[in-house]
>>> print(open('model-v8.csv').read())   # CSV, C-alpha atoms
chain,number,residue,atom,x,y,z
A,9,MET,CA,-30.3,51.2,-167.0
A,10,SER,CA,-33.4,48.9,-166.9
A,11,ILE,CA,-33.8,46.2,-164.4
A,12,ILE,CA,-37.3,44.7,-164.4
A,13,ARG,CA,-38.5,42.3,-161.7
A,14,TYR,CA,-41.4,40.0,-161.8
A,15,ASN,CA,-43.1,38.0,-159.1
A,16,GLU,CA,-43.9,34.3,-159.2
A,17,VAL,CA,-47.0,34.8,-161.3
A,18,GLY,CA,-45.3,37.1,-163.8
A,19,ASP,CA,-46.6,40.4,-162.5
A,20,HIS,CA,-44.2,43.4,-162.6
A,21,MET,CA,-42.7,44.2,-159.2
A,22,LYS,CA,-42.6,48.0,-158.7
A,23,THR,CA,-39.5,49.5,-157.1
A,24,VAL,CA,-39.6,53.1,-155.8
A,25,GLY,CA,-36.7,55.2,-154.6
A,26,ILE,CA,-36.4,58.1,-152.2
A,27,ILE,CA,-33.4,60.4,-151.4
A,28,VAL,CA,-33.1,61.1,-147.7
A,29,GLU,CA,-30.9,62.4,-144.8
A,30,TYR,CA,-33.2,61.6,-141.9
A,31,ASN,CA,-31.4,64.1,-139.7
A,32,PRO,CA,-33.3,62.8,-137.7
A,33,LEU,CA,-36.3,61.0,-139.2
A,34,HIS,CA,-39.4,62.9,-138.0
A,35,ASN,CA,-43.1,62.8,-138.5
A,36,GLY,CA,-42.8,64.7,-141.8
A,37,HIS,CA,-40.5,62.0,-143.1
A,38,LEU,CA,-42.9,59.3,-142.0
A,39,HIS,CA,-45.7,61.1,-143.9
A,40,HIS,CA,-43.4,61.1,-147.0
A,41,ILE,CA,-42.7,57.3,-146.6
A,42,GLU,CA,-46.4,56.4,-146.0
A,43,GLU,CA,-47.7,58.6,-148.8
A,44,THR,CA,-45.0,57.2,-151.2
A,45,ARG,CA,-46.0,53.7,-150.4
A,46,ARG,CA,-49.7,54.4,-150.6
A,47,LEU,CA,-49.7,56.5,-153.8
A,48,SER,CA,-47.1,54.4,-155.7
A,49,SER,CA,-48.4,51.0,-154.5
A,50,CYS,CA,-44.7,49.9,-154.6
A,51,ASP,CA,-43.5,46.4,-153.7
A,52,THR,CA,-40.0,47.7,-152.6
A,53,LEU,CA,-39.0,51.1,-151.2
A,54,ILE,CA,-35.3,52.0,-151.5
A,55,ALA,CA,-33.7,55.0,-149.7
A,56,VAL,CA,-30.3,56.4,-150.7
A,57,MET,CA,-29.1,58.2,-147.6
A,58,SER,CA,-26.3,60.7,-146.9
A,59,SER,CA,-23.7,59.3,-144.5
A,60,SER,CA,-22.0,61.3,-141.7
A,61,PHE,CA,-22.4,64.8,-143.2
A,62,THR,CA,-25.4,66.3,-144.9
A,63,GLN,CA,-25.7,68.0,-148.3
A,64,ARG,CA,-25.4,71.5,-146.6
A,65,GLY,CA,-22.1,70.5,-145.0
A,66,GLU,CA,-23.3,69.9,-141.5
A,67,PRO,CA,-22.4,66.8,-139.5
A,68,ALA,CA,-25.5,64.6,-139.1
A,69,VAL,CA,-27.0,65.0,-135.6
A,70,ILE,CA,-26.8,61.2,-135.1
A,71,ASP,CA,-24.8,58.5,-136.7
A,72,LYS,CA,-25.7,56.9,-140.0
A,73,PHE,CA,-26.2,53.4,-138.6
A,74,THR,CA,-28.9,54.6,-136.1
A,75,ARG,CA,-30.5,56.6,-139.0
A,76,THR,CA,-30.5,53.4,-141.1
A,77,LYS,CA,-32.4,51.5,-138.3
A,78,MET,CA,-34.9,54.4,-138.1
A,79,ALA,CA,-35.6,54.1,-141.8
A,80,LEU,CA,-36.0,50.3,-141.7
A,81,GLU,CA,-38.3,50.6,-138.7
A,82,ASN,CA,-40.6,53.1,-140.5
A,83,GLY,CA,-41.3,51.6,-143.9
A,84,VAL,CA,-38.1,51.6,-145.9
A,85,ASP,CA,-37.0,48.2,-147.3
A,86,LEU,CA,-33.4,48.9,-148.3
A,87,VAL,CA,-31.0,51.7,-147.3
A,88,VAL,CA,-28.0,52.4,-149.5
A,89,GLU,CA,-25.3,55.0,-148.6
A,90,LEU,CA,-24.7,58.2,-150.5
A,91,PRO,CA,-20.9,58.6,-149.8
A,92,PHE,CA,-19.5,61.7,-148.2
A,93,VAL,CA,-17.8,62.7,-151.4
A,94,PHE,CA,-21.2,62.8,-153.2
A,95,ALA,CA,-23.4,64.0,-150.3
A,96,VAL,CA,-21.5,67.1,-149.3
A,97,GLN,CA,-21.9,68.8,-152.6
A,98,ASN,CA,-23.9,71.4,-154.5
A,99,ALA,CA,-27.5,70.4,-155.3
A,100,ASP,CA,-26.7,69.3,-158.8
A,101,ILE,CA,-24.0,66.8,-157.9
A,102,PHE,CA,-25.9,65.6,-154.9
A,103,ALA,CA,-29.0,65.0,-157.0
A,104,GLU,CA,-27.1,63.4,-160.0
A,105,THR,CA,-25.2,60.9,-157.8
A,106,ALA,CA,-28.3,60.1,-155.7
A,107,VAL,CA,-30.5,59.5,-158.8
A,108,ARG,CA,-27.7,57.5,-160.5
A,109,THR,CA,-27.5,55.3,-157.4
A,110,LEU,CA,-31.2,54.6,-157.4
A,111,ASP,CA,-31.1,53.9,-161.2
A,112,LEU,CA,-28.4,51.3,-160.7
A,113,LEU,CA,-30.7,49.7,-158.1
A,114,GLY,CA,-33.4,49.4,-160.7
A,115,VAL,CA,-36.1,51.8,-159.4
A,116,ASP,CA,-39.1,52.5,-161.6
A,117,GLU,CA,-40.0,55.8,-159.8
A,118,ILE,CA,-38.5,58.4,-157.5
A,119,TRP,CA,-40.7,60.3,-155.1
A,120,PHE,CA,-39.5,63.4,-153.4
A,121,GLY,CA,-40.9,66.1,-151.1
A,122,SER,CA,-41.3,69.7,-152.2
A,123,GLU,CA,-42.8,72.9,-150.9
A,124,HIS,CA,-44.7,73.5,-154.1
A,125,GLY,CA,-46.0,70.0,-154.8
A,126,ASP,CA,-46.5,70.6,-158.6
A,127,ILE,CA,-44.3,68.5,-160.7
A,128,ALA,CA,-45.1,70.4,-163.9
A,129,ALA,CA,-44.1,73.7,-162.4
A,130,LEU,CA,-40.8,72.2,-161.2
A,131,GLN,CA,-40.2,70.7,-164.7
A,132,ALA,CA,-40.7,74.2,-166.2
A,133,ILE,CA,-38.1,75.7,-164.0
A,134,GLY,CA,-35.8,72.8,-165.0
A,135,ASP,CA,-36.3,73.8,-168.6
A,136,VAL,CA,-35.1,77.3,-167.8
A,137,LEU,CA,-32.0,76.0,-165.9
A,138,GLU,CA,-30.9,74.1,-169.0
A,139,SER,CA,-31.3,77.1,-171.4
A,140,ASP,CA,-28.4,79.1,-172.9
A,141,ALA,CA,-30.1,82.3,-171.9
A,142,TYR,CA,-30.2,81.3,-168.2
A,143,ASN,CA,-26.5,80.2,-168.2
A,144,ASN,CA,-25.3,83.3,-169.9
A,145,LEU,CA,-27.1,85.5,-167.3
A,146,VAL,CA,-25.6,83.5,-164.5
A,147,ARG,CA,-22.1,84.0,-165.9
A,148,ARG,CA,-22.8,87.7,-166.1
A,149,TYR,CA,-24.0,88.0,-162.6
A,150,LEU,CA,-21.0,86.0,-161.3
A,151,LYS,CA,-18.7,88.4,-163.0
A,152,ASP,CA,-20.4,91.2,-161.0
A,153,GLY,CA,-19.1,89.5,-157.8
A,154,ASN,CA,-22.3,87.6,-156.8
A,155,SER,CA,-22.3,84.2,-155.2
A,156,TYR,CA,-23.5,81.4,-157.4
A,157,PRO,CA,-26.9,81.1,-155.6
A,158,THR,CA,-27.4,84.8,-155.9
A,159,ALA,CA,-26.5,84.9,-159.6
A,160,ALA,CA,-28.8,81.9,-160.2
A,161,ASP,CA,-31.7,83.6,-158.4
A,162,LYS,CA,-31.2,86.9,-160.3
A,163,ALA,CA,-31.1,85.0,-163.7
A,164,MET,CA,-34.2,83.1,-162.8
A,165,ARG,CA,-36.1,86.2,-161.8
A,166,ASP,CA,-35.1,87.8,-165.1
A,167,LEU,CA,-36.3,84.9,-167.3
A,168,HIS,CA,-39.0,83.1,-165.3
A,169,PRO,CA,-40.2,85.1,-162.3
A,170,ASN,CA,-41.6,82.8,-159.6
A,171,ASP,CA,-41.7,82.3,-155.9
A,172,ILE,CA,-40.7,78.7,-155.7
A,173,PHE,CA,-37.2,78.5,-157.1
A,174,ASP,CA,-35.3,79.4,-154.0
A,175,GLN,CA,-37.1,77.0,-151.5
A,176,PRO,CA,-34.8,74.3,-150.3
A,177,ASN,CA,-36.8,71.2,-151.2
A,178,ASN,CA,-38.0,72.7,-154.5
A,179,ILE,CA,-34.3,73.3,-155.4
A,180,LEU,CA,-33.4,69.7,-154.8
A,181,GLY,CA,-36.5,68.5,-156.5
A,182,ILE,CA,-35.7,70.4,-159.6
A,183,GLN,CA,-32.2,69.0,-159.6
A,184,TYR,CA,-33.6,65.4,-159.2
A,185,LEU,CA,-35.8,66.0,-162.3
A,186,LEU,CA,-32.8,67.3,-164.3
A,187,ALA,CA,-30.7,64.4,-163.2
A,188,GLY,CA,-33.4,62.0,-164.3
A,189,ARG,CA,-33.2,63.4,-167.8
A,190,HIS,CA,-29.5,62.7,-168.0
A,191,VAL,CA,-29.4,59.4,-166.1
A,192,ASN,CA,-32.5,57.6,-167.2
A,193,PRO,CA,-35.5,59.3,-168.9
A,194,GLY,CA,-37.4,56.1,-168.1
A,195,ILE,CA,-37.6,56.8,-164.4
A,196,THR,CA,-40.8,58.5,-163.5
A,197,PHE,CA,-40.7,61.3,-160.9
A,198,HIS,CA,-43.5,62.3,-158.4
A,199,THR,CA,-43.6,64.9,-155.7
A,200,ILE,CA,-45.4,65.0,-152.4
A,201,PRO,CA,-46.1,68.5,-150.9
A,202,ARG,CA,-44.3,69.2,-147.6
A,203,HIS,CA,-46.7,69.1,-144.7
A,204,LYS,CA,-46.9,72.6,-143.1
A,205,SER,CA,-43.6,73.4,-141.4
A,206,GLY,CA,-40.9,74.8,-143.6
A,207,TYR,CA,-37.3,73.7,-143.6
A,208,TYR,CA,-36.1,76.4,-141.2
A,209,ASP,CA,-39.2,77.0,-139.2
A,210,ASP,CA,-39.3,77.1,-135.4
A,211,ILE,CA,-41.5,74.8,-133.4
A,212,ALA,CA,-45.2,75.5,-134.0
A,213,ASP,CA,-47.4,74.7,-131.0
A,214,GLY,CA,-49.9,71.9,-131.5
A,215,GLU,CA,-48.4,70.5,-134.7
A,216,ALA,CA,-47.1,66.9,-134.9
A,217,ILE,CA,-44.9,67.7,-137.9
A,218,GLN,CA,-42.1,70.2,-137.3
A,219,SER,CA,-39.0,71.2,-139.2
A,220,ALA,CA,-35.9,69.1,-138.9
A,221,THR,CA,-33.9,72.3,-137.9
A,222,ALA,CA,-36.2,72.9,-135.0
A,223,ILE,CA,-36.1,69.3,-133.9
A,224,ARG,CA,-32.3,69.2,-134.0
A,225,ARG,CA,-32.2,72.4,-131.9
A,226,MET,CA,-34.4,70.6,-129.3
A,227,MET,CA,-32.1,67.6,-129.3
A,228,VAL,CA,-29.0,69.7,-128.7
A,229,ASP,CA,-30.9,71.5,-125.8
A,230,GLY,CA,-31.9,68.2,-124.3
A,231,GLU,CA,-35.6,68.8,-124.8
A,232,ASP,CA,-38.3,66.1,-125.5
A,233,ILE,CA,-38.8,65.6,-129.2
A,234,SER,CA,-41.1,62.6,-128.8
A,235,PRO,CA,-44.2,64.5,-130.0
A,236,TYR,CA,-42.5,65.2,-133.4
A,237,VAL,CA,-40.9,61.9,-134.3
A,238,PRO,CA,-42.2,58.3,-134.6
A,239,ALA,CA,-42.2,56.3,-131.4
A,240,SER,CA,-39.4,54.0,-132.6
A,241,VAL,CA,-37.2,57.1,-133.3
A,242,ALA,CA,-37.9,58.6,-129.9
A,243,LYS,CA,-36.8,55.4,-128.3
A,244,ARG,CA,-33.6,55.1,-130.3
A,245,LEU,CA,-32.6,58.7,-129.6
A,246,PHE,CA,-33.4,58.7,-125.9
A,247,GLY,CA,-30.2,59.4,-124.0
A,248,ARG,CA,-28.2,59.7,-127.2
A,249,ARG,CA,-25.7,62.6,-127.7
A,250,ALA,CA,-26.5,65.1,-130.5
A,251,VAL,CA,-23.6,65.9,-132.8
A,252,THR,CA,-23.1,69.5,-133.9
A,253,TYR,CA,-20.4,71.4,-135.8
A,254,GLU,CA,-19.2,72.8,-132.5
A,255,ASP,CA,-17.9,69.4,-131.5
A,256,PHE,CA,-15.2,69.9,-134.2
A,257,HIS,CA,-13.9,73.2,-132.9
A,258,ASP,CA,-10.7,71.8,-131.5
A,259,PRO,CA,-9.8,69.7,-134.6
A,260,LEU,CA,-10.5,72.7,-136.9
A,261,GLN,CA,-8.4,75.0,-134.7
A,262,ALA,CA,-5.5,72.5,-134.8
A,263,ILE,CA,-5.7,72.0,-138.6
A,264,LEU,CA,-6.0,75.7,-139.5
A,265,GLY,CA,-3.3,76.6,-136.9
A,266,ARG,CA,-0.7,74.6,-138.8
A,267,ALA,CA,-1.9,74.7,-142.4
A,268,THR,CA,-0.3,76.8,-145.1
A,269,ALA,CA,-2.2,78.5,-147.9
A,270,GLU,CA,-0.7,76.0,-150.4
A,271,GLU,CA,-1.9,73.0,-148.3
A,272,LEU,CA,-5.4,74.5,-148.0
A,273,TYR,CA,-5.6,75.2,-151.7
A,274,GLN,CA,-5.2,71.4,-152.3
A,275,ILE,CA,-8.4,70.7,-150.4
A,276,PHE,CA,-11.5,70.1,-152.5
A,277,HIS,CA,-14.0,73.0,-152.4
A,278,VAL,CA,-11.2,75.6,-151.6
A,279,THR,CA,-11.5,77.9,-154.5
A,280,GLU,CA,-11.4,81.6,-155.4
A,281,GLY,CA,-8.8,82.5,-152.8
A,282,LEU,CA,-10.8,81.0,-150.0
A,283,GLU,CA,-7.6,79.6,-148.4
A,284,HIS,CA,-6.3,83.1,-147.8
A,285,ARG,CA,-9.5,84.3,-146.3
A,286,ILE,CA,-9.6,81.4,-143.9
A,287,LEU,CA,-5.9,81.8,-142.8
A,288,ASN,CA,-6.3,85.5,-142.3
A,289,ILE,CA,-8.8,84.9,-139.5
A,290,PRO,CA,-6.8,85.5,-136.3
A,291,SER,CA,-8.9,83.3,-134.0
A,292,PHE,CA,-12.3,81.9,-133.5
A,293,HIS,CA,-14.1,80.9,-130.2
A,294,SER,CA,-16.6,78.6,-131.9
A,295,VAL,CA,-17.2,77.0,-135.3
A,296,GLN,CA,-20.1,79.4,-135.9
A,297,HIS,CA,-17.7,82.3,-135.2
A,298,LEU,CA,-15.3,81.0,-137.8
A,299,ILE,CA,-18.1,80.6,-140.3
A,300,ASP,CA,-19.4,84.1,-139.7
A,301,GLN,CA,-15.9,85.5,-140.3
A,302,ILE,CA,-15.5,83.6,-143.6
A,303,LEU,CA,-18.9,84.5,-145.1
A,304,THR,CA,-19.1,87.0,-148.0
A,305,ARG,CA,-21.3,87.5,-151.0
A,306,ARG,CA,-19.3,84.9,-152.8
A,307,TYR,CA,-18.7,82.5,-150.0
A,308,THR,CA,-22.2,81.4,-148.9
A,309,ASN,CA,-23.1,79.6,-145.7
A,310,SER,CA,-23.4,76.2,-147.4
A,311,LYS,CA,-20.2,76.7,-149.4
A,312,VAL,CA,-18.3,77.5,-146.2
A,313,ARG,CA,-19.8,74.6,-144.2
A,314,ARG,CA,-19.0,72.1,-147.0
A,315,THR,CA,-15.5,73.5,-147.3
A,316,LEU,CA,-14.9,73.0,-143.6
A,317,ALA,CA,-16.2,69.4,-143.8
A,318,PHE,CA,-13.6,68.7,-146.6
A,319,ILE,CA,-10.9,70.4,-144.6
A,320,LEU,CA,-11.7,68.2,-141.5
A,321,ALA,CA,-11.7,65.1,-143.6
A,322,ASN,CA,-8.6,66.1,-145.5
A,323,VAL,CA,-10.2,65.4,-148.9
A,324,LYS,CA,-8.0,66.9,-151.6
A,325,GLU,CA,-9.1,68.0,-155.1
A,326,SER,CA,-6.8,65.2,-156.4
A,327,ASP,CA,-8.8,62.6,-154.4
A,328,LEU,CA,-12.0,63.1,-156.4
A,329,SER,CA,-11.3,61.8,-159.9
A,330,ASP,CA,-14.9,62.0,-161.0
A,331,PHE,CA,-18.5,61.8,-159.7
A,332,GLU,CA,-19.3,58.3,-161.1
A,333,VAL,CA,-21.1,55.9,-158.8
A,334,SER,CA,-18.6,53.1,-158.9
A,335,TYR,CA,-20.0,50.9,-156.1
A,336,LEU,CA,-23.2,50.5,-154.1
A,337,ARG,CA,-22.7,50.2,-150.3
A,338,VAL,CA,-25.7,48.7,-148.5
A,339,LEU,CA,-26.3,50.1,-144.9
A,340,GLY,CA,-29.3,48.0,-144.0
A,341,MET,CA,-32.3,46.0,-145.3
A,342,ASN,CA,-35.3,43.9,-144.4
A,343,ASP,CA,-36.5,40.7,-146.1
A,344,THR,CA,-38.0,42.6,-149.0
A,345,GLY,CA,-34.9,44.6,-149.6
A,346,ARG,CA,-32.8,41.4,-149.5
A,347,ALA,CA,-35.1,39.8,-152.0
A,348,HIS,CA,-34.8,42.8,-154.3
A,349,LEU,CA,-31.0,42.7,-154.2
A,350,GLY,CA,-31.0,38.9,-154.8
A,351,THR,CA,-33.1,39.5,-157.9
A,352,ILE,CA,-31.0,42.3,-159.5
A,353,LYS,CA,-27.5,41.3,-158.2
A,354,LYS,CA,-26.4,39.5,-161.3
A,355,ASP,CA,-27.4,42.5,-163.5
A,356,LEU,CA,-25.7,45.2,-161.4
A,357,ALA,CA,-23.3,47.3,-163.4
A,358,VAL,CA,-21.1,48.1,-160.3
A,359,PRO,CA,-19.9,46.1,-157.3
A,360,LEU,CA,-22.3,45.7,-154.4
A,361,VAL,CA,-20.6,46.2,-151.0
A,362,THR,CA,-22.2,44.5,-148.0
A,363,ASN,CA,-19.0,43.8,-146.1
A,364,VAL,CA,-16.7,46.8,-145.7
A,365,LYS,CA,-12.9,46.7,-145.6
A,366,GLU,CA,-10.2,49.1,-146.7
A,367,GLY,CA,-9.0,49.1,-150.3
A,368,ILE,CA,-12.4,48.4,-152.0
A,369,HIS,CA,-12.6,51.9,-153.6
A,370,PRO,CA,-10.8,55.2,-152.8
A,371,TYR,CA,-14.2,56.9,-152.1
A,372,LEU,CA,-15.0,54.2,-149.5
A,373,ASP,CA,-11.6,54.7,-147.9
A,374,ILE,CA,-12.5,58.4,-147.6
A,375,GLU,CA,-15.8,57.3,-146.0
A,376,LEU,CA,-13.9,55.3,-143.4
A,377,ARG,CA,-11.7,58.3,-142.7
A,378,VAL,CA,-14.8,60.4,-142.3
A,379,SER,CA,-16.2,57.9,-139.8
A,380,LYS,CA,-13.1,58.2,-137.7
A,381,LEU,CA,-13.6,62.0,-137.8
A,382,TYR,CA,-17.3,61.7,-136.9
A,383,SER,CA,-16.4,59.3,-134.0
A,384,ILE,CA,-14.7,62.3,-132.2
A,385,ALA,CA,-18.2,63.7,-131.5
A,386,SER,CA,-20.4,60.7,-131.6
A,387,ASP,CA,-21.4,58.6,-128.5
A,388,ILE,CA,-20.6,55.4,-130.5
A,389,ASP,CA,-17.4,54.4,-132.4
A,390,VAL,CA,-18.7,54.9,-135.9
A,391,PHE,CA,-15.5,53.7,-137.5
A,392,GLN,CA,-15.6,50.4,-135.7
A,393,ALA,CA,-19.3,50.1,-136.6
A,394,GLU,CA,-18.3,50.3,-140.3
A,395,PHE,CA,-16.9,46.7,-140.1
A,396,LYS,CA,-19.8,45.1,-138.2
A,397,ARG,CA,-22.5,42.9,-139.7
A,398,LEU,CA,-25.0,44.5,-142.1
A,399,ILE,CA,-28.1,45.9,-140.4
A,400,PHE,CA,-30.9,43.5,-141.0
>>> encode(input="model-v8.csv", output="structure tokens")
Amino acid sequence: MSIIRYNEVGDHMKTVGIIVEYNPLHNGHLHHIEETRRLSSCDTLIAVMSSSFTQRGEPAVIDKFTRTKMALENGVDLVVELPFVFAVQNADIFAETAVRTLDLLGVDEIWFGSEHGDIAALQAIGDVLESDAYNNLVRRYLKDGNSYPTAADKAMRDLHPNDIFDQPNNILGIQYLLAGRHVNPGITFHTIPRHKSGYYDDIADGEAIQSATAIRRMMVDGEDISPYVPASVAKRLFGRRAVTYEDFHDPLQAILGRATAEELYQIFHVTEGLEHRILNIPSFHSVQHLIDQILTRRYTNSKVRRTLAFILANVKESDLSDFEVSYLRVLGMNDTGRAHLGTIKKDLAVPLVTNVKEGIHPYLDIELRVSKLYSIASDIDVFQAEFKRLIF
């Protein structure tokens, strides 16, 4: 797709996209936004953002509408939703649908954070991932009983030894690059090195940028996160309740207590006999206890968490006909974002959704169901918020 915008004097208007979760938005994310705007000199910055659950299958620590406001208050012009059915997926599907969403919105460039910060090195790994030799090795290691991530890691080490392939943001970055090749080779990709703290790091004394994992831990424990997030974020999160998977212990216990193996087998992501392993667990005193009992070499942490999310939302294999981006749902925008939409609206290949109601699309209906689920744990009624006026 190619949507080119010009200003009043005929100069090309540059539009840049980023792919985010903002769980929550912290100083590292602010650095990414500011560097993207500075280095790209973009006129419009668009974020495609995961909704109520993240790519790794965790419920977001705070609702998507609050996270949208955080984005708009810190340099983003337009926030578009990456629906639950696309967000809670393996890295390749997550990346493909996010990049396709940004392409539909007419972005010229996509900027992402990575641990390595070298686009050429990430492109080289992408070349390996698309080779027959790599895919043959992965299949061989899978037959040996390895999980897909382990099989992929072994195959990569055999063909292209490196120390960057298994780092979380590098993994996603590589998938963004591969998605770009398939979706629109005309989109240019750039990466900004992550600043200091790694994805899973604990709090490091004296540092303004900390890992999202550590900040979420502090939120759950009721600690002050203001040194590590923009002032507007600290203000929005003050007194708010942090959502965790443990908030869904009772619903999960009720669902699994009455489910049959046949019913579980219908759920998307339940594969390779996982339904039997889940139902053979006699009891669990916490969601983490349940996850720990399910884990094996084949059933990884992310796989299990994503599966539990689909079980909670009752999303069946038959509900997901494809991974095509069939609509664009706007969560929020400022004047610049509104002007961008006004310019491209007539050329959009899919419907633009700014007022939500049931029946627009099956995936949006699932999104509304997920919002009802998320409202169990949230301190606001997220389902009712779906129908309110667009955030502006």
>>> residues_near_point(input="model-v8.csv", point="(-20.8, 64.5, -146.0)", cutoff="12 Å", atoms="only C-alpha atoms", output="PyMOL selection string")
chain A and resi 29+57-68+71-72+89-98+102+313-321+323+371+374-379+381-382
>>> write_last_selection(input="model-v8.csv", atoms="C-alpha atoms", output="PDB file, keeping the file's coordinate frame")
ATOM      1  CA  GLU A  29     -30.900  62.400-144.800  1.00  0.00           C
ATOM      2  CA  MET A  57     -29.100  58.200-147.600  1.00  0.00           C
ATOM      3  CA  SER A  58     -26.300  60.700-146.900  1.00  0.00           C
ATOM      4  CA  SER A  59     -23.700  59.300-144.500  1.00  0.00           C
ATOM      5  CA  SER A  60     -22.000  61.300-141.700  1.00  0.00           C
ATOM      6  CA  PHE A  61     -22.400  64.800-143.200  1.00  0.00           C
ATOM      7  CA  THR A  62     -25.400  66.300-144.900  1.00  0.00           C
ATOM      8  CA  GLN A  63     -25.700  68.000-148.300  1.00  0.00           C
ATOM      9  CA  ARG A  64     -25.400  71.500-146.600  1.00  0.00           C
ATOM     10  CA  GLY A  65     -22.100  70.500-145.000  1.00  0.00           C
ATOM     11  CA  GLU A  66     -23.300  69.900-141.500  1.00  0.00           C
ATOM     12  CA  PRO A  67     -22.400  66.800-139.500  1.00  0.00           C
ATOM     13  CA  ALA A  68     -25.500  64.600-139.100  1.00  0.00           C
ATOM     14  CA  ASP A  71     -24.800  58.500-136.700  1.00  0.00           C
ATOM     15  CA  LYS A  72     -25.700  56.900-140.000  1.00  0.00           C
ATOM     16  CA  GLU A  89     -25.300  55.000-148.600  1.00  0.00           C
ATOM     17  CA  LEU A  90     -24.700  58.200-150.500  1.00  0.00           C
ATOM     18  CA  PRO A  91     -20.900  58.600-149.800  1.00  0.00           C
ATOM     19  CA  PHE A  92     -19.500  61.700-148.200  1.00  0.00           C
ATOM     20  CA  VAL A  93     -17.800  62.700-151.400  1.00  0.00           C
ATOM     21  CA  PHE A  94     -21.200  62.800-153.200  1.00  0.00           C
ATOM     22  CA  ALA A  95     -23.400  64.000-150.300  1.00  0.00           C
ATOM     23  CA  VAL A  96     -21.500  67.100-149.300  1.00  0.00           C
ATOM     24  CA  GLN A  97     -21.900  68.800-152.600  1.00  0.00           C
ATOM     25  CA  ASN A  98     -23.900  71.400-154.500  1.00  0.00           C
ATOM     26  CA  PHE A 102     -25.900  65.600-154.900  1.00  0.00           C
ATOM     27  CA  ARG A 313     -19.800  74.600-144.200  1.00  0.00           C
ATOM     28  CA  ARG A 314     -19.000  72.100-147.000  1.00  0.00           C
ATOM     29  CA  THR A 315     -15.500  73.500-147.300  1.00  0.00           C
ATOM     30  CA  LEU A 316     -14.900  73.000-143.600  1.00  0.00           C
ATOM     31  CA  ALA A 317     -16.200  69.400-143.800  1.00  0.00           C
ATOM     32  CA  PHE A 318     -13.600  68.700-146.600  1.00  0.00           C
ATOM     33  CA  ILE A 319     -10.900  70.400-144.600  1.00  0.00           C
ATOM     34  CA  LEU A 320     -11.700  68.200-141.500  1.00  0.00           C
ATOM     35  CA  ALA A 321     -11.700  65.100-143.600  1.00  0.00           C
ATOM     36  CA  VAL A 323     -10.200  65.400-148.900  1.00  0.00           C
ATOM     37  CA  TYR A 371     -14.200  56.900-152.100  1.00  0.00           C
ATOM     38  CA  ILE A 374     -12.500  58.400-147.600  1.00  0.00           C
ATOM     39  CA  GLU A 375     -15.800  57.300-146.000  1.00  0.00           C
ATOM     40  CA  LEU A 376     -13.900  55.300-143.400  1.00  0.00           C
ATOM     41  CA  ARG A 377     -11.700  58.300-142.700  1.00  0.00           C
ATOM     42  CA  VAL A 378     -14.800  60.400-142.300  1.00  0.00           C
ATOM     43  CA  SER A 379     -16.200  57.900-139.800  1.00  0.00           C
ATOM     44  CA  LEU A 381     -13.600  62.000-137.800  1.00  0.00           C
ATOM     45  CA  TYR A 382     -17.300  61.700-136.900  1.00  0.00           C
TER      46      TYR A 382
END
>>> closest_residue(input="model-v8.csv", among="A:Asp161, A:Asp330, A:Phe73, A:Leu185", to="Arg397 in chain A", atoms="only C-alpha atoms")
A:Phe73
>>> closest_residue(input="model-v8.csv", among="A:His39, A:Arg337, A:Arg148, A:Arg225", to="Thr109 in chain A", atoms="all atoms listed in the file")
A:Arg337
>>> closest_residue(input="model-v8.csv", among="A:Glu283, A:Pro176, A:Ala262, A:Asp255", to="Ser310 in chain A", atoms="all atoms listed in the file")
A:Pro176
>>> closest_residue(input="model-v8.csv", among="A:Pro359, A:Pro238, A:Pro370, A:Gly134", to="His34 in chain A", atoms="only C-alpha atoms")
A:Pro238
>>> residues_around(input="model-v8.csv", residues="Ile233 in chain A", least_positions_apart="6", cutoff="9 Å", atoms="all atoms listed in the file", output="PyMOL selection string")
chain A and resi 223-224+226-227+242
>>> atom_distance(input="model-v8.csv", atom1="CA of His293 in chain A", atom2="CA of Tyr253 in chain A")
12.7 Å
>>> closest_residue(input="model-v8.csv", among="A:Phe246, A:Thr196, A:Ala393, A:Arg108", to="Val358 in chain A", atoms="all atoms listed in the file")
A:Arg108
>>> closest_residue(input="model-v8.csv", among="A:Glu123, A:Gly181, A:Leu167, A:Lys151", to="Ser139 in chain A", atoms="only C-alpha atoms")
A:Leu167
>>> atom_distance(input="model-v8.csv", atom1="CA of Thr105 in chain A", atom2="CA of Pro193 in chain A")
15.2 Å
>>> residues_around(input="model-v8.csv", residues="Asp171 in chain A", least_positions_apart="3", cutoff="12 Å", atoms="only C-alpha atoms", output="PyMOL selection string")
chain A and resi 123-124+129-130+133+161+164-165+168+174-176+178-179
>>> atom_distance(input="model-v8.csv", atom1="CA of Lys77 in chain A", atom2="CA of Val338 in chain A")
12.5 Å
>>> residues_around(input="model-v8.csv", residues="Val191 in chain A", least_positions_apart="2", cutoff="8 Å", atoms="all atoms listed in the file", output="number ranges by chain")
A: 104, 107-108, 111, 187-189, 193
>>> residues_near_point(input="model-v8.csv", point="(-35.5, 58.1, -154.8)", cutoff="8 Å", atoms="only C-alpha atoms", output="MDAnalysis selection string")
chainID A and resid 24:27 54:56 106:107 110 115 117:120
